[in-house]
>>> print(open('my_file.txt').read())   # compact mmCIF, C-alpha atoms
# COMPACT_ATOMS: atom_id res chain seq x y z
CA MET G 310 -54.51 20.87 -17.97
CA GLU G 311 -51.53 22.74 -19.22
CA LYS G 312 -48.23 21.01 -19.24
CA ASN G 313 -45.38 22.57 -17.44
CA TYR G 314 -42.27 22.28 -19.54
CA SER G 315 -40.03 24.30 -17.33
CA LYS G 316 -37.11 22.46 -15.86
CA GLU G 317 -37.02 21.67 -12.21
CA LEU G 318 -34.76 23.96 -10.34
CA LYS G 319 -31.75 21.92 -9.34
CA ILE G 320 -30.25 22.81 -6.03
CA THR G 321 -26.58 22.29 -6.55
CA LYS G 322 -24.62 22.01 -3.40
CA LYS G 323 -21.18 23.51 -3.54
CA MET G 324 -18.52 20.88 -3.30
CA LYS G 325 -16.09 21.31 -0.49
CA PRO G 326 -13.16 19.34 0.86
CA ASP G 327 -13.61 17.45 4.14
CA LYS G 328 -13.29 19.56 7.27
CA GLU G 329 -10.46 17.29 8.42
CA VAL G 330 -8.45 18.17 5.32
CA VAL G 331 -8.78 21.91 5.90
CA SER G 332 -8.00 21.47 9.59
CA LEU G 333 -4.92 19.41 8.76
CA LEU G 334 -3.70 22.08 6.35
CA LEU G 335 -4.13 24.86 8.90
CA ASN G 336 -2.33 22.87 11.59
CA TYR G 337 0.40 21.92 9.13
CA SER G 338 0.87 25.54 8.22
CA LYS G 339 1.12 26.55 11.89
CA ALA G 340 3.66 23.81 12.60
CA LEU G 341 5.82 24.39 9.53
CA LYS G 342 8.82 26.64 9.79
CA ILE G 343 11.03 27.12 6.77
CA VAL G 344 14.53 28.35 7.29
CA LYS G 345 16.81 29.39 4.45
CA ILE G 346 20.51 29.18 5.14
CA GLU G 347 22.58 30.32 2.18
CA ASP G 348 21.27 28.23 -0.72
CA LYS G 349 19.81 25.48 1.49
CA VAL G 350 16.18 25.31 2.64
CA PHE G 351 15.31 23.56 5.91
CA GLU G 352 11.77 22.51 6.74
CA ILE G 353 11.07 22.24 10.46
CA ILE G 354 7.84 20.78 11.82
CA VAL G 355 7.20 22.08 15.31
CA ASN G 356 4.98 19.86 17.43
CA MET B 1458 -13.73 39.83 10.38
CA ALA B 1459 -11.62 42.43 8.64
CA ASN B 1460 -9.77 39.62 6.92
CA LEU B 1461 -12.91 38.58 5.02
CA GLN B 1462 -12.93 41.83 3.07
CA LYS B 1463 -9.29 41.85 2.18
CA SER B 1464 -8.15 40.99 -1.35
CA ASP B 1465 -6.25 37.79 -2.07
CA ALA B 1466 -3.10 39.81 -2.64
CA LEU B 1467 -3.30 41.37 0.81
CA LEU B 1468 -4.09 38.08 2.51
CA VAL B 1469 -1.14 36.42 0.78
CA LYS B 1470 1.08 39.28 1.90
CA ASP B 1471 -0.17 38.94 5.50
CA TYR B 1472 0.31 35.19 5.45
CA MET B 1473 3.87 35.53 4.14
CA ALA B 1474 4.47 37.96 6.99
CA GLY B 1475 3.36 35.33 9.52
CA ASP B 1476 -0.40 35.84 9.90
CA GLU B 1477 -1.72 32.26 9.98
CA SER B 1478 -5.38 33.35 10.03
CA ALA B 1479 -4.97 34.74 6.50
CA LEU B 1480 -4.54 31.20 5.18
CA ALA B 1481 -7.85 30.08 6.70
CA VAL B 1482 -9.61 32.94 4.87
CA LEU B 1483 -7.89 32.10 1.58
CA ILE B 1484 -8.84 28.42 1.87
CA LYS B 1485 -12.44 29.25 2.81
CA ARG B 1486 -12.71 31.70 -0.09
CA HIS B 1487 -11.46 29.33 -2.78
CA GLU B 1488 -12.04 25.79 -1.47
CA SER B 1489 -15.20 25.07 -3.44
CA LYS B 1490 -13.73 26.33 -6.73
CA ILE B 1491 -10.53 24.36 -6.32
CA TYR B 1492 -12.16 21.24 -4.90
CA GLY B 1493 -14.90 21.37 -7.55
CA PHE B 1494 -12.28 21.66 -10.28
CA ILE B 1495 -10.36 18.63 -8.94
CA TYR B 1496 -13.56 16.60 -8.49
CA SER B 1497 -14.62 17.40 -12.06
CA LYS B 1498 -11.41 15.73 -13.25
CA VAL B 1499 -11.14 12.70 -10.97
CA ALA B 1500 -14.78 12.07 -9.91
CA ASP B 1501 -13.80 10.60 -6.55
CA ARG B 1502 -14.21 12.32 -3.20
CA GLU B 1503 -11.26 10.67 -1.48
CA ILE B 1504 -8.85 11.33 -4.34
CA SER B 1505 -10.12 14.90 -4.62
CA ASN B 1506 -9.42 15.41 -0.93
CA ASP B 1507 -5.90 14.04 -1.37
CA ILE B 1508 -5.16 16.27 -4.36
CA PHE B 1509 -6.69 19.29 -2.64
CA GLN B 1510 -4.45 18.64 0.36
CA ASP B 1511 -1.32 18.23 -1.80
CA THR B 1512 -2.19 21.41 -3.68
CA PHE B 1513 -2.32 23.49 -0.50
CA ILE B 1514 0.80 21.85 0.94
CA LYS B 1515 2.62 23.12 -2.14
CA VAL B 1516 1.04 26.54 -1.74
CA ILE B 1517 2.01 26.72 1.94
CA LYS B 1518 5.61 25.68 1.24
CA THR B 1519 6.00 28.14 -1.62
CA LEU B 1520 4.58 31.02 0.41
CA LYS B 1521 6.66 30.16 3.48
CA THR B 1522 9.87 30.07 1.43
CA GLN B 1523 8.93 33.58 0.22
CA SER B 1524 9.35 32.42 -3.35
CA TYR B 1525 5.90 33.52 -4.54
CA ASN B 1526 5.48 36.71 -6.51
CA GLU B 1527 2.10 38.25 -5.97
CA GLU B 1528 0.80 39.62 -9.26
CA GLY B 1529 -2.88 39.41 -8.49
CA LYS B 1530 -3.09 35.88 -9.86
CA PHE B 1531 -3.38 33.84 -6.69
CA LEU B 1532 -6.36 31.68 -7.73
CA PRO B 1533 -5.05 30.92 -11.28
CA TRP B 1534 -1.74 29.95 -9.67
CA ILE B 1535 -3.40 27.46 -7.29
CA MET B 1536 -5.57 26.11 -10.10
CA ARG B 1537 -2.41 25.48 -12.11
CA ILE B 1538 -0.88 23.54 -9.19
CA ALA B 1539 -4.09 21.50 -8.79
CA HIS B 1540 -4.18 20.86 -12.54
CA ASN B 1541 -0.60 19.58 -12.51
CA LEU B 1542 -1.33 17.31 -9.55
CA VAL B 1543 -4.36 15.87 -11.35
CA ILE B 1544 -2.10 15.09 -14.32
CA ASP B 1545 0.42 13.47 -11.95
CA PHE B 1546 -2.37 11.37 -10.48
CA TYR B 1547 -3.41 10.06 -13.91
CA ARG B 1548 0.20 9.43 -14.87
CA LYS B 1549 0.70 7.33 -11.76
CA SER B 1550 -2.55 5.41 -12.09
CA LYS B 1551 -1.81 4.66 -15.75
CA LYS B 1552 1.35 2.83 -14.76
CA MET B 1553 -0.63 0.50 -12.55
CA PRO B 1554 -1.58 -2.74 -14.34
CA LEU B 1555 -5.31 -2.88 -14.88
CA PHE B 1556 -7.10 -6.20 -15.42
CA ARG B 1557 -10.70 -6.32 -16.41
CA GLU B 1558 -12.79 -9.45 -16.10
CA THR B 1559 -14.23 -10.40 -19.50
CA GLU B 1560 -15.84 -13.50 -20.98
CA ASP B 1561 -12.49 -14.61 -22.41
CA PHE B 1562 -10.35 -13.62 -19.48
CA SER B 1563 -10.78 -14.45 -15.86
CA ILE B 1564 -8.61 -12.82 -13.23
CA PHE B 1565 -8.36 -16.19 -11.52
CA SER B 1566 -6.49 -17.63 -14.50
CA ILE B 1567 -3.43 -15.59 -13.50
CA MET B 1568 -4.01 -15.65 -9.75
CA SER B 1569 -3.37 -18.83 -7.86
CA ASP B 1570 -3.45 -19.93 -4.27
CA ASP B 1571 -0.56 -22.27 -3.55
CA SER B 1572 -1.66 -23.21 -0.07
CA LEU B 1573 -3.02 -26.71 0.43
CA THR B 1574 -6.74 -27.30 0.37
CA VAL B 1575 -8.32 -28.85 3.46
CA GLU B 1576 -8.43 -32.20 1.67
CA SER B 1577 -4.76 -32.00 0.57
CA GLN B 1578 -3.78 -31.02 4.11
CA ILE B 1579 -5.56 -34.07 5.58
CA ILE B 1580 -3.82 -36.34 3.03
CA ALA B 1581 -0.42 -34.74 3.76
CA ASP B 1582 -0.95 -35.25 7.51
CA GLN B 1583 -1.94 -38.88 6.95
CA VAL B 1584 1.14 -39.51 4.77
CA GLU B 1585 3.30 -38.00 7.51
CA VAL B 1586 1.74 -40.33 10.12
CA ASP B 1587 2.21 -43.37 7.84
CA ILE B 1588 5.89 -42.55 7.23
CA ARG B 1589 6.45 -42.13 10.97
CA ARG B 1590 5.00 -45.61 11.53
CA LEU B 1591 7.22 -47.08 8.81
CA VAL B 1592 10.31 -45.46 10.34
CA GLU B 1593 9.45 -47.18 13.63
CA GLU B 1594 9.81 -50.54 11.82
CA LEU B 1595 13.48 -49.88 10.93
CA PRO B 1596 16.43 -51.34 12.87
CA LEU B 1597 17.48 -48.98 15.69
CA ASP B 1598 20.81 -47.80 14.16
CA GLN B 1599 19.17 -46.93 10.82
CA LYS B 1600 16.17 -45.30 12.48
CA GLU B 1601 18.49 -43.14 14.58
CA VAL B 1602 20.44 -41.83 11.57
CA LEU B 1603 17.28 -41.22 9.50
CA ILE B 1604 15.57 -39.26 12.28
CA MET B 1605 18.65 -37.12 12.89
CA ARG B 1606 19.04 -36.40 9.18
CA MET B 1607 15.42 -35.92 8.08
CA TYR B 1608 13.64 -34.64 11.18
CA GLN B 1609 16.43 -32.89 13.07
CA ASP B 1610 18.19 -31.61 9.92
CA MET B 1611 21.65 -32.63 11.16
CA SER B 1612 24.61 -33.01 8.80
CA PHE B 1613 26.29 -36.42 8.43
CA LYS B 1614 29.32 -34.96 10.22
CA GLU B 1615 27.15 -34.05 13.22
CA ILE B 1616 25.42 -37.45 13.09
CA SER B 1617 28.78 -39.26 13.09
CA GLU B 1618 29.93 -37.19 16.07
CA THR B 1619 26.70 -37.79 18.01
CA THR B 1620 26.45 -41.52 17.34
CA GLY B 1621 30.20 -42.16 17.55
CA VAL B 1622 30.50 -43.78 14.10
CA SER B 1623 32.36 -42.65 10.99
CA ILE B 1624 30.66 -40.45 8.38
CA ASN B 1625 30.77 -43.36 5.89
CA THR B 1626 28.96 -45.63 8.34
CA ALA B 1627 26.30 -42.96 8.96
CA LEU B 1628 25.89 -42.56 5.18
CA GLY B 1629 25.60 -46.34 4.80
CA ARG B 1630 22.96 -46.56 7.54
CA MET B 1631 20.95 -43.80 5.89
CA ARG B 1632 21.15 -45.65 2.57
CA TYR B 1633 19.98 -48.91 4.15
CA ALA B 1634 17.22 -47.08 6.03
CA ILE B 1635 15.80 -45.74 2.75
CA MET B 1636 16.17 -49.12 1.00
CA ASN B 1637 14.37 -50.85 3.86
CA LEU B 1638 11.59 -48.27 3.86
CA ARG B 1639 11.08 -48.90 0.13
CA LYS B 1640 10.99 -52.65 0.76
CA ILE B 1641 8.33 -52.29 3.48
CA ILE B 1642 6.27 -49.99 1.24
CA ASP B 1643 6.47 -52.47 -1.68
CA LYS B 1644 5.76 -55.47 0.54
CA HIS B 1645 2.62 -54.01 2.05
CA GLN B 1646 1.69 -52.17 -1.15
CA ILE B 1647 1.33 -48.91 0.74
CA VAL B 1648 0.39 -45.87 -1.35
CA LEU B 1649 1.97 -42.62 -0.18
CA THR B 1650 0.71 -39.78 -2.33
CA ASN B 1651 -0.26 -36.20 -1.86
>>> encode(input="my_file.txt", output="structure tokens")
Amino acid sequence: MEKNYSKELKITKKMKPDKEVVSLLLNYSKALKIVKIEDKVFEIIVN
Amino acid sequence: MANLQKSDALLVKDYMAGDESALAVLIKRHESKIYGFIYSKVADREISNDIFQDTFIKVIKTLKTQSYNEEGKFLPWIMRIAHNLVIDFYRKSKKMPLFRETEDFSIFSIMSDDSLTVESQIIADQVEVDIRRLVEELPLDQKEVLIMRMYQDMSFKEISETTGVSINTALGRMRYAIMNLRKIIDKHQIVLTN
């Protein structure tokens, strides 16, 4: 019987961050307002 | 749907103009590349999540302050931020003292538990009971001063005011109380140790 020397095809799953992390970032972005007054920058988190 | 076909540059422009959905598309488009890059450096899912999060917080802040210049290098820019955060992570973790258990070194040689063992606690309780009994043997005036001083933590001034004697008398009674306790201990050959 012939030997099969070919490598097994590895199914590599793409690595992704947790859904919670992405969701947090999107919510953070929606809540964040940045206001520039003269040379000062104010970060406001809107609930 | 239209967002999915837009270039990074356009999405960044939209996001800077206030379109929040553009960020979701940008994250979705690049998350595996960025996360994979971070994971390849730190090999820990939790830490990778933290660094990924910090990377995008920086991105969001920079874009919202309108201080990002779009030159068609959005992904390399984020990768650079992630790279710097990975370096920061290693810098911080390097400062933490690291002890490894070896044949010559045991972590327990530098760690100690000062609390009493069950046995020591039983002995301490017994000694306490024995001393209480001995105090009961003292003359009333000496017992009174000793209890106020040792158990109620009163000053000799307070003791003299409470008992109506001078401070010197209170001091004298305390001295006699201790001497008498020693005598009783010697006489009965009582061992008080902990």
>>> residues_around(input="my_file.txt", residues="range 344-346 of chain G", least_positions_apart="6", cutoff="8 Å", atoms="only C-alpha atoms", output="MDAnalysis selection string")
(chainID G and resid 352:353) or (chainID B and resid 1522)
>>> write_last_selection(input="my_file.txt", atoms="C-alpha atoms", output="PDB file, in the frame of the given file")
ATOM      1  CA  GLU G 352      11.770  22.510   6.740  1.00  0.00           C
ATOM      2  CA  ILE G 353      11.070  22.240  10.460  1.00  0.00           C
TER       3      ILE G 353
ATOM      4  CA  THR B1522       9.870  30.070   1.430  1.00  0.00           C
TER       5      THR B1522
END
>>> interface_residues(input="my_file.txt", of="chain B", to="chain G", cutoff="8 Å", atoms="all atoms listed in the file", output="PyMOL selection string")
chain B and resi 1477+1480-1481+1484+1488-1489+1492-1493+1505-1506+1509-1510+1513-1514+1517-1518+1521-1522
>>> write_last_selection(input="my_file.txt", atoms="C-alpha atoms", output="CSV table (one decimal), keeping the file's coordinate frame")
chain,number,residue,atom,x,y,z
B,1477,GLU,CA,-1.7,32.3,10.0
B,1480,LEU,CA,-4.5,31.2,5.2
B,1481,ALA,CA,-7.8,30.1,6.7
B,1484,ILE,CA,-8.8,28.4,1.9
B,1488,GLU,CA,-12.0,25.8,-1.5
B,1489,SER,CA,-15.2,25.1,-3.4
B,1492,TYR,CA,-12.2,21.2,-4.9
B,1493,GLY,CA,-14.9,21.4,-7.6
B,1505,SER,CA,-10.1,14.9,-4.6
B,1506,ASN,CA,-9.4,15.4,-0.9
B,1509,PHE,CA,-6.7,19.3,-2.6
B,1510,GLN,CA,-4.4,18.6,0.4
B,1513,PHE,CA,-2.3,23.5,-0.5
B,1514,ILE,CA,0.8,21.8,0.9
B,1517,ILE,CA,2.0,26.7,1.9
B,1518,LYS,CA,5.6,25.7,1.2
B,1521,LYS,CA,6.7,30.2,3.5
B,1522,THR,CA,9.9,30.1,1.4
>>> closest_residue(input="my_file.txt", among="B:Ala1581, B:Val1602, B:Ala1500, B:Met1536", to="Ser1623 in chain B", atoms="all atoms listed in the file")
B:Val1602
>>> closest_residue(input="my_file.txt", among="B:Met1605, B:Ile1564, B:Val1648, B:Leu1467", to="Thr1619 in chain B", atoms="all atoms listed in the file")
B:Met1605
>>> atom_distance(input="my_file.txt", atom1="CA of Asp1471 in chain B", atom2="CA of Thr1519 in chain B")
14.3 Å
>>> atom_distance(input="my_file.txt", atom1="CA of Leu1595 in chain B", atom2="CA of Arg1639 in chain B")
11.1 Å
>>> atom_distance(input="my_file.txt", atom1="CA of Leu1603 in chain B", atom2="CA of Met1631 in chain B")
5.8 Å
>>> closest_residue(input="my_file.txt", among="B:Ile1641, B:Ser1566, B:Ser1524, B:Leu1649", to="Asp1582 in chain B", atoms="all atoms listed in the file")
B:Leu1649
>>> residues_around(input="my_file.txt", residues="Met1636 in chain B", least_positions_apart="6", cutoff="12 Å", atoms="all atoms listed in the file", output="list in words")
Val1592, Leu1595, Gln1599, Leu1603, Gly1629, Arg1630, Ile1642 and Asp1643 of chain B
